[in-house]
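data-v7.tsv (TSV, C-alpha atoms and all ligand atoms)
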```
chain	number	residue	atom	x	y	z
A	1	LYS	CA	-72.71	49.41	18.36
A	2	TYR	CA	-69.21	49.56	19.78
A	3	LEU	CA	-66.51	46.94	19.56
A	4	GLN	CA	-64.95	46.15	22.89
A	5	GLU	CA	-61.35	45.12	23.45
A	6	ASP	CA	-62.42	41.45	23.68
A	7	ASP	CA	-63.96	41.55	20.18
A	8	LEU	CA	-60.68	42.50	18.53
A	9	THR	CA	-58.41	40.25	16.50
A	10	GLN	CA	-55.30	39.07	18.31
A	11	GLU	CA	-53.20	41.33	16.13
A	12	CYS	CA	-55.20	44.37	17.14
A	13	GLN	CA	-55.23	43.40	20.82
A	14	ALA	CA	-51.45	42.99	20.77
A	15	LEU	CA	-51.07	46.29	18.98
A	16	ILE	CA	-53.25	48.36	21.29
A	17	SER	CA	-51.35	47.18	24.32
A	18	THR	CA	-48.34	49.03	22.87
A	19	LEU	CA	-50.12	52.25	21.82
A	20	PRO	CA	-50.53	55.55	23.68
A	21	LYS	CA	-54.09	55.75	25.03
A	22	GLU	CA	-56.37	58.66	25.98
A	23	GLN	CA	-59.99	59.04	27.04
A	24	ASP	CA	-62.27	59.33	23.99
A	25	TRP	CA	-64.75	62.22	23.58
A	26	VAL	CA	-67.61	59.75	23.25
A	27	MET	CA	-66.82	56.63	25.26
A	28	SER	CA	-63.97	54.24	25.86
A	29	HIS	CA	-60.54	55.23	24.53
A	30	LEU	CA	-58.61	56.66	21.65
A	31	TYR	CA	-55.35	54.99	20.60
A	32	GLN	CA	-52.55	56.73	18.80
A	33	TYR	CA	-51.56	54.75	15.74
A	34	GLN	CA	-49.18	56.04	13.04
A	35	GLY	CA	-49.42	59.48	14.63
A	36	PHE	CA	-53.24	59.80	14.78
A	37	TRP	CA	-55.94	59.04	17.38
A	38	HIS	CA	-58.42	56.24	16.66
A	39	PRO	CA	-61.34	54.75	18.56
A	40	ILE	CA	-60.98	51.04	19.03
A	41	ARG	CA	-63.71	49.97	16.58
A	42	GLU	CA	-62.09	51.95	13.85
A	43	LEU	CA	-58.57	50.80	14.62
A	44	GLN	CA	-59.52	47.20	13.95
A	45	GLY	CA	-60.83	48.32	10.55
A	46	VAL	CA	-57.71	50.33	9.81
A	47	LEU	CA	-55.51	47.27	10.21
A	48	SER	CA	-57.83	45.14	8.10
A	49	CYS	CA	-58.06	47.60	5.27
A	50	GLN	CA	-54.31	48.21	5.33
A	51	HIS	CA	-53.80	44.45	4.95
A	52	HIS	CA	-56.52	43.66	2.45
A	53	PHE	CA	-57.81	46.59	0.42
A	54	GLN	CA	-56.86	46.35	-3.23
A	55	ALA	CA	-57.51	49.63	-4.99
A	56	ARG	CA	-58.33	49.76	-8.69
A	57	ASP	CA	-57.00	52.46	-10.99
A	58	THR	CA	-60.59	53.57	-11.51
A	59	ASP	CA	-61.51	53.86	-7.82
A	60	ILE	CA	-62.51	57.18	-6.31
A	61	ILE	CA	-61.57	57.66	-2.67
A	62	LEU	CA	-63.05	60.48	-0.57
A	63	ALA	CA	-60.42	60.99	2.13
A	64	THR	CA	-62.12	63.43	4.44
A	65	ASN	CA	-61.21	64.91	7.76
A	66	PRO	CA	-64.06	64.16	10.23
A	67	LYS	CA	-66.75	66.88	10.40
A	68	CYS	CA	-65.41	68.71	7.36
A	69	GLY	CA	-68.41	67.94	5.14
A	70	SER	CA	-67.93	64.24	4.30
A	71	THR	CA	-71.70	63.64	4.15
A	72	TRP	CA	-72.11	66.41	1.59
A	73	LEU	CA	-69.16	65.32	-0.53
A	74	LYS	CA	-70.37	61.70	-0.50
A	75	ALA	CA	-73.80	62.78	-1.72
A	76	LEU	CA	-72.32	64.90	-4.50
A	77	ALA	CA	-69.84	62.24	-5.62
A	78	TYR	CA	-72.46	59.49	-5.63
A	79	VAL	CA	-74.90	61.52	-7.71
A	80	VAL	CA	-72.32	62.91	-10.15
A	81	VAL	CA	-70.42	59.69	-10.79
A	82	ASN	CA	-73.57	57.58	-11.19
A	83	ARG	CA	-75.73	60.06	-13.08
A	84	LYS	CA	-75.68	58.08	-16.34
A	85	ILE	CA	-77.07	54.97	-14.62
A	86	ILE	CA	-79.07	56.55	-11.79
A	87	PRO	CA	-81.23	59.30	-13.26
A	88	LEU	CA	-82.04	62.43	-11.28
A	89	ASP	CA	-85.66	61.60	-10.59
A	90	ASP	CA	-87.99	60.95	-7.67
A	91	ASN	CA	-86.62	57.45	-7.24
A	92	HIS	CA	-83.03	58.54	-6.73
A	93	SER	CA	-81.30	56.45	-4.04
A	94	LEU	CA	-80.16	59.60	-2.23
A	95	LEU	CA	-83.80	60.29	-1.40
A	96	SER	CA	-84.16	57.08	0.58
A	97	LYS	CA	-80.62	56.38	1.80
A	98	ASN	CA	-78.16	58.36	3.87
A	99	PRO	CA	-74.96	59.25	1.92
A	100	HIS	CA	-72.90	57.15	4.36
A	101	GLU	CA	-74.77	54.07	3.19
A	102	LEU	CA	-74.18	54.89	-0.46
A	103	VAL	CA	-70.45	55.57	-0.18
A	104	PRO	CA	-69.08	53.07	2.34
A	105	CYS	CA	-66.26	53.98	4.67
A	106	LEU	CA	-63.36	51.57	4.18
A	107	GLU	CA	-62.19	51.29	7.79
A	108	LEU	CA	-65.72	50.97	9.23
A	109	ARG	CA	-68.53	49.80	6.99
A	110	VAL	CA	-66.31	47.73	4.69
A	111	TYR	CA	-63.68	46.22	6.99
A	112	VAL	CA	-65.41	46.18	10.41
A	113	ASP	CA	-69.09	45.80	9.59
A	114	HIS	CA	-68.50	43.79	6.38
A	115	GLN	CA	-71.40	45.47	4.67
A	116	VAL	CA	-69.95	45.06	1.21
A	117	PRO	CA	-69.69	41.27	0.88
A	118	ASP	CA	-67.49	41.19	-2.23
A	119	LEU	CA	-65.57	44.30	-3.23
A	120	THR	CA	-64.43	42.69	-6.48
A	121	GLU	CA	-68.02	42.49	-7.69
A	122	LEU	CA	-68.62	46.22	-7.47
A	123	PRO	CA	-68.69	47.88	-10.89
A	124	SER	CA	-66.12	50.57	-11.70
A	125	PRO	CA	-65.76	53.31	-10.78
A	126	ARG	CA	-66.07	52.22	-7.14
A	127	LEU	CA	-66.62	54.98	-4.62
A	128	PHE	CA	-65.24	54.66	-1.09
A	129	SER	CA	-64.64	57.03	1.76
A	130	THR	CA	-62.08	57.06	4.53
A	131	HIS	CA	-61.09	59.31	7.41
A	132	LEU	CA	-57.56	57.93	7.34
A	133	PRO	CA	-54.67	60.36	7.06
A	134	VAL	CA	-52.34	59.92	4.10
A	135	GLU	CA	-49.80	58.25	6.40
A	136	SER	CA	-52.19	55.36	7.04
A	137	LEU	CA	-53.85	54.90	3.65
A	138	PRO	CA	-53.63	51.33	2.32
A	139	LEU	CA	-50.59	51.08	0.03
A	140	SER	CA	-52.66	50.13	-3.00
A	141	ILE	CA	-54.42	53.52	-2.86
A	142	LYS	CA	-51.04	55.20	-3.18
A	143	GLU	CA	-49.64	52.82	-5.77
A	144	THR	CA	-52.54	52.74	-8.24
A	145	SER	CA	-53.77	55.73	-10.17
A	146	CYS	CA	-57.08	55.86	-8.32
A	147	LYS	CA	-58.31	59.38	-7.57
A	148	VAL	CA	-58.36	60.82	-4.07
A	149	VAL	CA	-60.32	63.85	-2.88
A	150	CYS	CA	-59.06	65.26	0.43
A	151	LEU	CA	-61.54	67.46	2.26
A	152	ALA	CA	-60.64	69.97	4.96
A	153	ARG	CA	-62.42	72.79	6.81
A	154	ASP	CA	-61.76	75.77	9.01
A	155	PRO	CA	-60.39	74.36	12.30
A	156	LYS	CA	-62.73	76.35	14.54
A	157	ASP	CA	-65.86	75.26	12.68
A	158	THR	CA	-64.55	71.69	12.56
A	159	PHE	CA	-64.01	71.71	16.31
A	160	ILE	CA	-67.51	73.03	17.07
A	161	SER	CA	-69.04	70.49	14.70
A	162	LEU	CA	-67.05	67.67	16.29
A	163	TRP	CA	-67.98	68.75	19.81
A	164	HIS	CA	-71.71	68.75	19.00
A	165	PHE	CA	-71.40	65.41	17.21
A	166	ALA	CA	-69.55	63.76	20.11
A	167	ASN	CA	-72.19	64.97	22.53
A	168	LYS	CA	-74.91	63.45	20.38
A	169	LEU	CA	-73.11	60.10	20.46
A	170	ARG	CA	-72.29	60.06	24.18
A	171	PRO	CA	-74.32	57.68	26.33
A	172	PRO	CA	-76.95	59.85	28.09
A	173	ASN	CA	-75.79	58.74	31.54
A	174	ASP	CA	-72.30	60.12	30.91
A	175	GLY	CA	-73.59	63.68	30.56
A	176	LYS	CA	-72.24	66.24	28.09
A	177	LEU	CA	-68.58	66.79	27.36
A	178	GLN	CA	-67.92	70.40	28.32
A	179	LEU	CA	-66.73	72.77	25.62
A	180	GLU	CA	-63.56	73.70	27.54
A	181	GLU	CA	-62.55	70.09	28.08
A	182	ALA	CA	-63.14	69.21	24.43
A	183	PHE	CA	-61.19	72.30	23.33
A	184	ASP	CA	-58.26	71.38	25.50
A	185	LYS	CA	-58.18	67.88	23.99
A	186	PHE	CA	-58.54	69.25	20.43
A	187	CYS	CA	-55.64	71.67	20.95
A	188	LYS	CA	-53.51	68.79	22.21
A	189	GLY	CA	-54.40	66.91	19.05
A	190	VAL	CA	-56.40	64.30	20.97
A	191	SER	CA	-59.54	64.09	18.84
A	192	PHE	CA	-61.04	61.57	16.43
A	193	LEU	CA	-58.33	61.24	13.75
A	194	GLY	CA	-56.47	64.19	15.26
A	195	PRO	CA	-54.19	66.06	15.40
A	196	PHE	CA	-56.48	67.94	13.03
A	197	TRP	CA	-53.68	70.10	11.55
A	198	ASP	CA	-51.38	67.13	10.89
A	199	HIS	CA	-54.21	65.38	9.05
A	200	VAL	CA	-54.93	68.46	6.93
A	201	LEU	CA	-51.28	69.24	6.25
A	202	SER	CA	-50.38	65.75	5.12
A	203	SER	CA	-53.30	65.66	2.68
A	204	TRP	CA	-52.44	69.10	1.39
A	205	LYS	CA	-48.81	68.10	0.81
A	206	TYR	CA	-50.00	64.86	-0.80
A	207	SER	CA	-52.06	66.93	-3.26
A	208	LEU	CA	-49.12	69.21	-4.07
A	209	ASP	CA	-46.92	66.20	-4.80
A	210	ASN	CA	-49.60	64.39	-6.82
A	211	PRO	CA	-51.73	67.01	-8.55
A	212	ASN	CA	-53.31	64.60	-11.04
A	213	LYS	CA	-54.20	62.08	-8.39
A	214	VAL	CA	-55.25	64.19	-5.43
A	215	PHE	CA	-57.79	67.01	-5.27
A	216	PHE	CA	-57.54	69.09	-2.09
A	217	LEU	CA	-60.88	70.71	-1.33
A	218	LYS	CA	-62.05	73.04	1.44
A	219	TYR	CA	-65.61	73.03	2.78
A	220	GLU	CA	-65.66	76.83	2.65
A	221	ASP	CA	-64.74	76.88	-1.05
A	222	LEU	CA	-67.48	74.42	-1.87
A	223	LYS	CA	-69.98	76.53	0.10
A	224	GLU	CA	-68.89	79.74	-1.60
A	225	GLN	CA	-68.66	78.51	-5.17
A	226	PRO	CA	-70.52	75.20	-5.31
A	227	LYS	CA	-71.04	75.23	-9.06
A	228	LEU	CA	-67.43	75.95	-9.88
A	229	TYR	CA	-66.11	73.25	-7.54
A	230	LEU	CA	-68.67	70.65	-8.55
A	231	LYS	CA	-67.64	71.11	-12.18
A	232	LYS	CA	-63.97	70.83	-11.22
A	233	LEU	CA	-64.72	67.66	-9.25
A	234	ALA	CA	-66.67	66.11	-12.13
A	235	GLU	CA	-63.70	66.76	-14.43
A	236	PHE	CA	-61.31	65.29	-11.88
A	237	TRP	CA	-63.52	62.18	-11.64
A	238	GLU	CA	-63.37	61.95	-15.44
A	239	CYS	CA	-67.10	62.45	-15.88
A	240	PRO	CA	-67.28	66.16	-16.80
A	241	PHE	CA	-70.62	67.83	-17.42
A	242	SER	CA	-71.40	68.18	-21.13
A	243	SER	CA	-72.51	71.56	-22.40
A	244	GLU	CA	-75.93	70.04	-22.95
A	245	GLU	CA	-76.09	69.04	-19.28
A	246	GLU	CA	-74.95	72.49	-18.23
A	247	ASN	CA	-77.54	74.16	-20.45
A	248	ASN	CA	-80.22	71.87	-19.05
A	249	GLY	CA	-79.41	72.89	-15.49
A	250	VAL	CA	-78.07	69.49	-14.39
A	251	VAL	CA	-75.32	71.01	-12.21
A	252	ASP	CA	-77.84	73.17	-10.32
A	253	GLU	CA	-80.19	70.23	-10.02
A	254	ILE	CA	-77.47	68.10	-8.41
A	255	LEU	CA	-76.47	70.89	-6.03
A	256	SER	CA	-80.05	71.33	-4.98
A	257	LEU	CA	-80.59	67.58	-4.51
A	258	CYS	CA	-77.48	67.42	-2.29
A	259	SER	CA	-78.08	70.69	-0.46
A	260	PHE	CA	-78.20	70.81	3.32
A	261	ASP	CA	-81.85	71.88	3.26
A	262	ASN	CA	-82.91	69.08	0.98
A	263	LEU	CA	-80.94	66.26	2.59
A	264	SER	CA	-81.63	67.26	6.19
A	265	ASN	CA	-85.38	67.38	5.55
A	266	LEU	CA	-85.65	63.93	4.02
A	267	GLU	CA	-87.48	61.37	6.12
A	268	VAL	CA	-84.51	58.98	5.99
A	269	ASN	CA	-82.21	61.63	7.44
A	270	LYS	CA	-84.68	62.80	10.08
A	271	ILE	CA	-85.58	59.45	11.60
A	272	GLY	CA	-83.25	56.86	10.02
A	273	LYS	CA	-80.25	55.23	11.67
A	274	LEU	CA	-77.04	53.79	10.25
A	275	SER	CA	-76.49	50.12	10.92
A	276	THR	CA	-73.62	51.23	13.15
A	277	GLY	CA	-76.10	52.96	15.44
A	278	GLU	CA	-75.62	56.65	14.62
A	279	HIS	CA	-78.83	58.56	13.97
A	280	ASN	CA	-78.71	60.04	10.47
A	281	GLU	CA	-79.86	63.41	11.77
A	282	ALA	CA	-76.56	63.71	13.70
A	283	PHE	CA	-74.78	64.34	10.39
A	284	PHE	CA	-76.83	67.46	9.70
A	285	ARG	CA	-76.58	70.32	12.17
A	286	LYS	CA	-76.29	73.83	10.71
A	287	GLY	CA	-74.17	73.43	7.61
A	288	GLU	CA	-72.81	76.96	7.85
A	289	VAL	CA	-69.47	78.71	7.74
A	290	GLY	CA	-68.46	80.68	10.84
A	291	ASP	CA	-70.73	79.17	13.50
A	292	TRP	CA	-67.64	78.97	15.75
A	293	ALA	CA	-68.06	82.67	16.55
A	294	ASN	CA	-71.16	81.75	18.60
A	295	TYR	CA	-69.06	79.62	20.94
A	296	PHE	CA	-65.44	80.79	21.06
A	297	THR	CA	-64.12	83.11	23.74
A	298	GLN	CA	-61.34	85.55	22.86
A	299	GLU	CA	-58.87	83.30	24.62
A	300	MET	CA	-59.93	80.21	22.64
A	301	THR	CA	-59.73	82.16	19.39
A	302	GLU	CA	-56.21	83.34	20.14
A	303	LYS	CA	-55.05	79.89	21.17
A	304	LEU	CA	-56.34	78.09	18.07
A	305	ASP	CA	-55.21	80.91	15.78
A	306	GLU	CA	-51.71	80.59	17.15
A	307	ILE	CA	-51.61	76.84	16.64
A	308	CYS	CA	-52.88	77.24	13.09
A	309	LEU	CA	-50.46	80.06	12.34
A	310	ASN	CA	-47.60	77.81	13.31
A	311	LYS	CA	-48.94	74.76	11.55
A	312	PHE	CA	-50.56	76.06	8.37
A	313	GLN	CA	-49.54	79.52	7.39
A	314	LEU	CA	-45.84	78.96	7.77
A	315	CYS	CA	-46.26	76.14	5.27
A	316	GLY	CA	-48.23	78.36	2.92
A	317	LEU	CA	-51.65	76.78	3.48
A	318	LYS	CA	-54.56	79.16	4.00
A	319	ILE	CA	-57.38	77.55	5.91
A	401	LIG	P1	-72.00	71.61	11.26
A	401	LIG	O1	-71.91	70.75	12.48
A	401	LIG	O2	-71.08	72.79	11.32
A	401	LIG	O3	-73.38	71.99	10.92
A	401	LIG	P2	-69.25	65.36	8.20
A	401	LIG	O4	-70.25	65.07	7.14
A	401	LIG	O5	-67.84	65.28	7.73
A	401	LIG	O6	-69.54	64.60	9.44
A	401	LIG	O7	-69.42	66.92	8.53
A	401	LIG	C1	-70.58	67.38	9.17
A	401	LIG	C2	-70.76	68.83	8.88
A	401	LIG	O8	-71.21	69.02	7.53
A	401	LIG	C3	-71.86	69.40	9.78
A	401	LIG	O9	-71.47	70.75	10.01
A	401	LIG	C4	-73.07	69.29	8.88
A	401	LIG	O10	-74.14	70.11	9.25
A	401	LIG	C5	-72.48	69.68	7.54
A	401	LIG	N1	-73.27	69.19	6.40
A	401	LIG	C6	-73.92	68.01	6.27
A	401	LIG	N2	-74.54	67.94	5.09
A	401	LIG	C7	-74.30	69.10	4.45
A	401	LIG	C8	-74.69	69.61	3.17
A	401	LIG	N3	-75.46	68.91	2.34
A	401	LIG	N4	-74.25	70.84	2.82
A	401	LIG	C9	-73.45	71.55	3.65
A	401	LIG	N5	-73.05	71.12	4.88
A	401	LIG	C10	-73.47	69.90	5.27
```

If you took the structure in this file and wrote it as structure tokens, what would it be?
Amino acid sequence: KYLQEDDLTQECQALISTLPKEQDWVMSHLYQYQGFWHPIRELQGVLSCQHHFQARDTDIILATNPKCGSTWLKALAYVVVNRKIIPLDDNHSLLSKNPHELVPCLELRVYVDHQVPDLTELPSPRLFSTHLPVESLPLSIKETSCKVVCLARDPKDTFISLWHFANKLRPPNDGKLQLEEAFDKFCKGVSFLGPFWDHVLSSWKYSLDNPNKVFFLKYEDLKEQPKLYLKKLAEFWECPFSSEEENNGVVDEILSLCSFDNLSNLEVNKIGKLSTGEHNEAFFRKGEVGDWANYFTQEMTEKLDEICLNKFQLCGLKI
């Protein structure tokens, strides 16, 4: 389900006529707005949520870089934050709904698809996600004391994940986007919500400037020490695990419920579809660290390493 230029509000139509434009990885175009590349459907939602979203102090925003583990983080956040009202049993909503349905994305599901009719009726704490970079977050997110988790991932694994995902979404008649072409675009920063490094860096700096408000998390850290990071996240969300819960194995139970193996084997995630058209199975591929090594040539490795050295390491960020 893709919005076309004719479906846009006048404001958005006027805006896109002024924006730099590039061919998208999937179909149609990407537009560069506030420094980052957006597909048209999403851009409409960005404007709407910038105009209208009113954050509450109690909101929790998952501000994830695309393909960095948003689905996993949404599942974990939903289960942890709601565990007092949604017990961990066989009827848990995560067993019948994809995490993207449970934690709606502001600039798509909320402000383009209008799937949450009245945001003011949602009980606190409200959980939302966004792929927006800090530069484009609605002002109220920055001005209230809502909590923001920024999620990043190794650039090479993110690129491979994004390339596979784009190919799953491409209309079959358009054929596959070749790895080399996608890599060239990624290195130029022309990717969904790219440049990847600018997105990561701004969220990392945002977390350094606002340590009580922003939690900067890396996919690799969550993979390596899931228990440690889930406990840190629960504390950050102001719903820490009690010692009774820890002794009863609740943390392990949540990690196992939200694990790649469990989620990817659920019926809903094997055959279900989001209302926006994506097949749920597209969000689960391998779920591993280091898969890039199966695809990268020496030349690609050197090129991306050099970009990242310039962008990240000189600023002190290890990713
Ligand atoms: P791969 O393509 O490397 O397998 P996003 O959710 O932001 O779209 O990110 C998708 C990536 O997260 C995919 O990576 C996907 O397989 C992985 N993923 C999805 N669910 C996961 C889970 N429960 N645990 C770990 N990784 C998961």

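With only C-alpha atoms as the atoms that count, the minimum distance from A:Glu281 to the choices A:His199, A:Ser140, A:Ala77, A:Pro99 is reached by A:Pro99.
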
Chain A near ligand LIG 401 (chain A) within 10 Å: what's each residue's closest atom pair and its distance in Å to one decimal, counting all atoms listed in the file, ordered by chain then ascending residue number, as CSV?
```
residue,atom,partner,partner_atom,distance
A:Thr64,CA,A:LIG401,O5,6.9
A:Asn65,CA,A:LIG401,O5,6.6
A:Pro66,CA,A:LIG401,O5,4.7
A:Lys67,CA,A:LIG401,O7,3.3
A:Cys68,CA,A:LIG401,O5,4.2
A:Gly69,CA,A:LIG401,O7,3.7
A:Ser70,CA,A:LIG401,O5,3.6
A:Thr71,CA,A:LIG401,O4,3.6
A:Trp72,CA,A:LIG401,N3,4.2
A:Leu73,CA,A:LIG401,O4,7.8
A:Lys74,CA,A:LIG401,O4,8.4
A:Ala75,CA,A:LIG401,N3,7.5
A:Leu76,CA,A:LIG401,N3,8.5
A:Pro99,CA,A:LIG401,O4,9.1
A:His100,CA,A:LIG401,O4,8.8
A:His131,CA,A:LIG401,O5,9.0
A:Leu151,CA,A:LIG401,O5,8.6
A:Ala152,CA,A:LIG401,O5,9.0
A:Arg153,CA,A:LIG401,O7,9.3
A:Lys156,CA,A:LIG401,O2,9.6
A:Asp157,CA,A:LIG401,O2,5.9
A:Thr158,CA,A:LIG401,O2,6.7
A:Phe159,CA,A:LIG401,O2,8.7
A:Ile160,CA,A:LIG401,O1,6.8
A:Ser161,CA,A:LIG401,O1,3.6
A:Leu162,CA,A:LIG401,O1,6.9
A:Trp163,CA,A:LIG401,O1,8.6
A:His164,CA,A:LIG401,O1,6.8
A:Phe165,CA,A:LIG401,O1,7.2
A:Tyr219,CA,A:LIG401,N5,8.0
A:Glu220,CA,A:LIG401,C9,9.5
A:Leu222,CA,A:LIG401,C9,8.6
A:Lys223,CA,A:LIG401,C9,7.0
A:Pro226,CA,A:LIG401,N4,10.0
A:Leu255,CA,A:LIG401,N3,8.7
A:Ser256,CA,A:LIG401,N3,9.0
A:Leu257,CA,A:LIG401,N3,8.7
A:Cys258,CA,A:LIG401,N3,5.3
A:Ser259,CA,A:LIG401,N3,4.2
A:Phe260,CA,A:LIG401,N3,3.5
A:Asp261,CA,A:LIG401,N3,7.1
A:Asn262,CA,A:LIG401,N3,7.6
A:Leu263,CA,A:LIG401,N3,6.1
A:Ser264,CA,A:LIG401,N2,7.2
A:Glu281,CA,A:LIG401,O10,9.2
A:Ala282,CA,A:LIG401,C4,8.2
A:Phe283,CA,A:LIG401,C1,5.3
A:Phe284,CA,A:LIG401,O10,3.8
A:Arg285,CA,A:LIG401,O10,3.8
A:Lys286,CA,A:LIG401,O3,3.4
A:Gly287,CA,A:LIG401,O3,3.7
A:Glu288,CA,A:LIG401,O2,5.7
A:Val289,CA,A:LIG401,O2,7.1
A:Gly290,CA,A:LIG401,O2,8.3
A:Asp291,CA,A:LIG401,O2,6.8
A:Trp292,CA,A:LIG401,O2,8.3
```

Using all atoms listed in the file, give me every residue within 12 Å of (-51.7, 55.8, -3.1) in file coordinates, as a short mmCIF file (atom, residue, chain, number, x, y, z; two decimals) with C-alpha atoms, in the frame of the given file.
```cif
data_model
loop_
_atom_site.label_atom_id
_atom_site.label_comp_id
_atom_site.auth_asym_id
_atom_site.auth_seq_id
_atom_site.Cartn_x
_atom_site.Cartn_y
_atom_site.Cartn_z
CA GLN A 50 -54.31 48.21 5.33
CA PHE A 53 -57.81 46.59 0.42
CA GLN A 54 -56.86 46.35 -3.23
CA ALA A 55 -57.51 49.63 -4.99
CA ARG A 56 -58.33 49.76 -8.69
CA ASP A 57 -57.00 52.46 -10.99
CA ASP A 59 -61.51 53.86 -7.82
CA ILE A 60 -62.51 57.18 -6.31
CA ILE A 61 -61.57 57.66 -2.67
CA ALA A 63 -60.42 60.99 2.13
CA PRO A 133 -54.67 60.36 7.06
CA VAL A 134 -52.34 59.92 4.10
CA GLU A 135 -49.80 58.25 6.40
CA SER A 136 -52.19 55.36 7.04
CA LEU A 137 -53.85 54.90 3.65
CA PRO A 138 -53.63 51.33 2.32
CA LEU A 139 -50.59 51.08 0.03
CA SER A 140 -52.66 50.13 -3.00
CA ILE A 141 -54.42 53.52 -2.86
CA LYS A 142 -51.04 55.20 -3.18
CA GLU A 143 -49.64 52.82 -5.77
CA THR A 144 -52.54 52.74 -8.24
CA SER A 145 -53.77 55.73 -10.17
CA CYS A 146 -57.08 55.86 -8.32
CA LYS A 147 -58.31 59.38 -7.57
CA VAL A 148 -58.36 60.82 -4.07
CA VAL A 149 -60.32 63.85 -2.88
CA SER A 203 -53.30 65.66 2.68
CA TYR A 206 -50.00 64.86 -0.80
CA SER A 207 -52.06 66.93 -3.26
CA ASP A 209 -46.92 66.20 -4.80
CA ASN A 210 -49.60 64.39 -6.82
CA ASN A 212 -53.31 64.60 -11.04
CA LYS A 213 -54.20 62.08 -8.39
CA VAL A 214 -55.25 64.19 -5.43
#
```

Excluding A:Gln23 and residues on its chain fewer than 3 positions from it, collect all residues at most 12 Å away from it, counting only C-alpha atoms, and give them as an mmCIF file with C-alpha atoms, in the frame of the given file.
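Saved result, out05.cif, follows:
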```cif
data_model
loop_
_atom_site.group_PDB
_atom_site.id
_atom_site.type_symbol
_atom_site.label_atom_id
_atom_site.label_comp_id
_atom_site.auth_asym_id
_atom_site.auth_seq_id
_atom_site.Cartn_x
_atom_site.Cartn_y
_atom_site.Cartn_z
ATOM 1 C CA PRO A 20 -50.530 55.550 23.680
ATOM 2 C CA VAL A 26 -67.610 59.750 23.250
ATOM 3 C CA MET A 27 -66.820 56.630 25.260
ATOM 4 C CA SER A 28 -63.970 54.240 25.860
ATOM 5 C CA HIS A 29 -60.540 55.230 24.530
ATOM 6 C CA LEU A 30 -58.610 56.660 21.650
ATOM 7 C CA TYR A 31 -55.350 54.990 20.600
ATOM 8 C CA GLN A 32 -52.550 56.730 18.800
ATOM 9 C CA TRP A 37 -55.940 59.040 17.380
ATOM 10 C CA HIS A 38 -58.420 56.240 16.660
ATOM 11 C CA PRO A 39 -61.340 54.750 18.560
ATOM 12 C CA ILE A 40 -60.980 51.040 19.030
ATOM 13 C CA LEU A 177 -68.580 66.790 27.360
ATOM 14 C CA GLU A 181 -62.550 70.090 28.080
ATOM 15 C CA ALA A 182 -63.140 69.210 24.430
ATOM 16 C CA LYS A 185 -58.180 67.880 23.990
ATOM 17 C CA VAL A 190 -56.400 64.300 20.970
ATOM 18 C CA SER A 191 -59.540 64.090 18.840
ATOM 19 C CA PHE A 192 -61.040 61.570 16.430
#
```

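Residue nearest A:Ser17, chosen from A:Phe296, A:Phe216, A:Tyr78, A:Tyr33 and counting all atoms listed in the file: A:Tyr33.
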
Find the residue from A:Thr130, A:Ser202, A:Thr120, A:Thr18 that sits nearest to A:Phe312; use all atoms listed in the file when measuring. A:Ser202

Do a neighbour search on A:Glu299 at 12 Å with all atoms listed in the file, toss out local chain neighbours closer than 6 positions, and write the hits as a ChimeraX atom specification. /A:180,183-184,305-306

Calculate how many Å separate atom CA of A:Gly316 from atom CA of A:Lys303, rounding to one decimal. 19.5 Å

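Counting from atom CA of A:Lys168, the distance to atom CA of A:Ile307 is 27.1 Å.
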
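In this structure, atom CA of A:Asn310 sits 11.7 Å away from atom CA of A:Leu201.
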
For stretch 94-99 of chain A, take all atoms listed in the file, fit an axis-aligned box around them, add 3 Å to each of the six sides, then output centre and edge lengths in Å rounded to one decimal, as JSON.
```
{"center_x": -79.6, "center_y": 58.3, "center_z": 0.8, "size_x": 15.2, "size_y": 9.9, "size_z": 12.1}
```

Please complete stretch 189-196 of chain A so it has N, CA and C atoms, and hand it over as a PDB file, keeping the file's coordinate frame.
```
ATOM      1  N   GLY A 189     -54.390  67.849  20.183  1.00  0.00           N
ATOM      2  CA  GLY A 189     -54.400  66.910  19.050  1.00  0.00           C
ATOM      3  C   GLY A 189     -55.161  65.643  19.334  1.00  0.00           C
ATOM      4  N   VAL A 190     -55.714  65.542  20.579  1.00  0.00           N
ATOM      5  CA  VAL A 190     -56.400  64.300  20.970  1.00  0.00           C
ATOM      6  C   VAL A 190     -57.885  64.407  20.591  1.00  0.00           C
ATOM      7  N   SER A 191     -58.167  64.088  19.333  1.00  0.00           N
ATOM      8  CA  SER A 191     -59.540  64.090  18.840  1.00  0.00           C
ATOM      9  C   SER A 191     -59.632  63.000  17.794  1.00  0.00           C
ATOM     10  N   PHE A 192     -60.844  62.621  17.425  1.00  0.00           N
ATOM     11  CA  PHE A 192     -61.040  61.570  16.430  1.00  0.00           C
ATOM     12  C   PHE A 192     -60.232  61.892  15.169  1.00  0.00           C
ATOM     13  N   LEU A 193     -59.225  61.059  14.895  1.00  0.00           N
ATOM     14  CA  LEU A 193     -58.330  61.240  13.750  1.00  0.00           C
ATOM     15  C   LEU A 193     -57.478  62.501  13.836  1.00  0.00           C
ATOM     16  N   GLY A 194     -57.356  63.045  15.067  1.00  0.00           N
ATOM     17  CA  GLY A 194     -56.470  64.190  15.260  1.00  0.00           C
ATOM     18  C   GLY A 194     -55.032  63.716  15.372  1.00  0.00           C
ATOM     19  N   PRO A 195     -54.061  64.609  15.431  1.00  0.00           N
ATOM     20  CA  PRO A 195     -54.190  66.060  15.400  1.00  0.00           C
ATOM     21  C   PRO A 195     -54.763  66.565  14.061  1.00  0.00           C
ATOM     22  N   PHE A 196     -55.786  67.413  14.203  1.00  0.00           N
ATOM     23  CA  PHE A 196     -56.480  67.940  13.030  1.00  0.00           C
ATOM     24  C   PHE A 196     -55.508  68.527  12.004  1.00  0.00           C
TER      25      PHE A 196
END
```
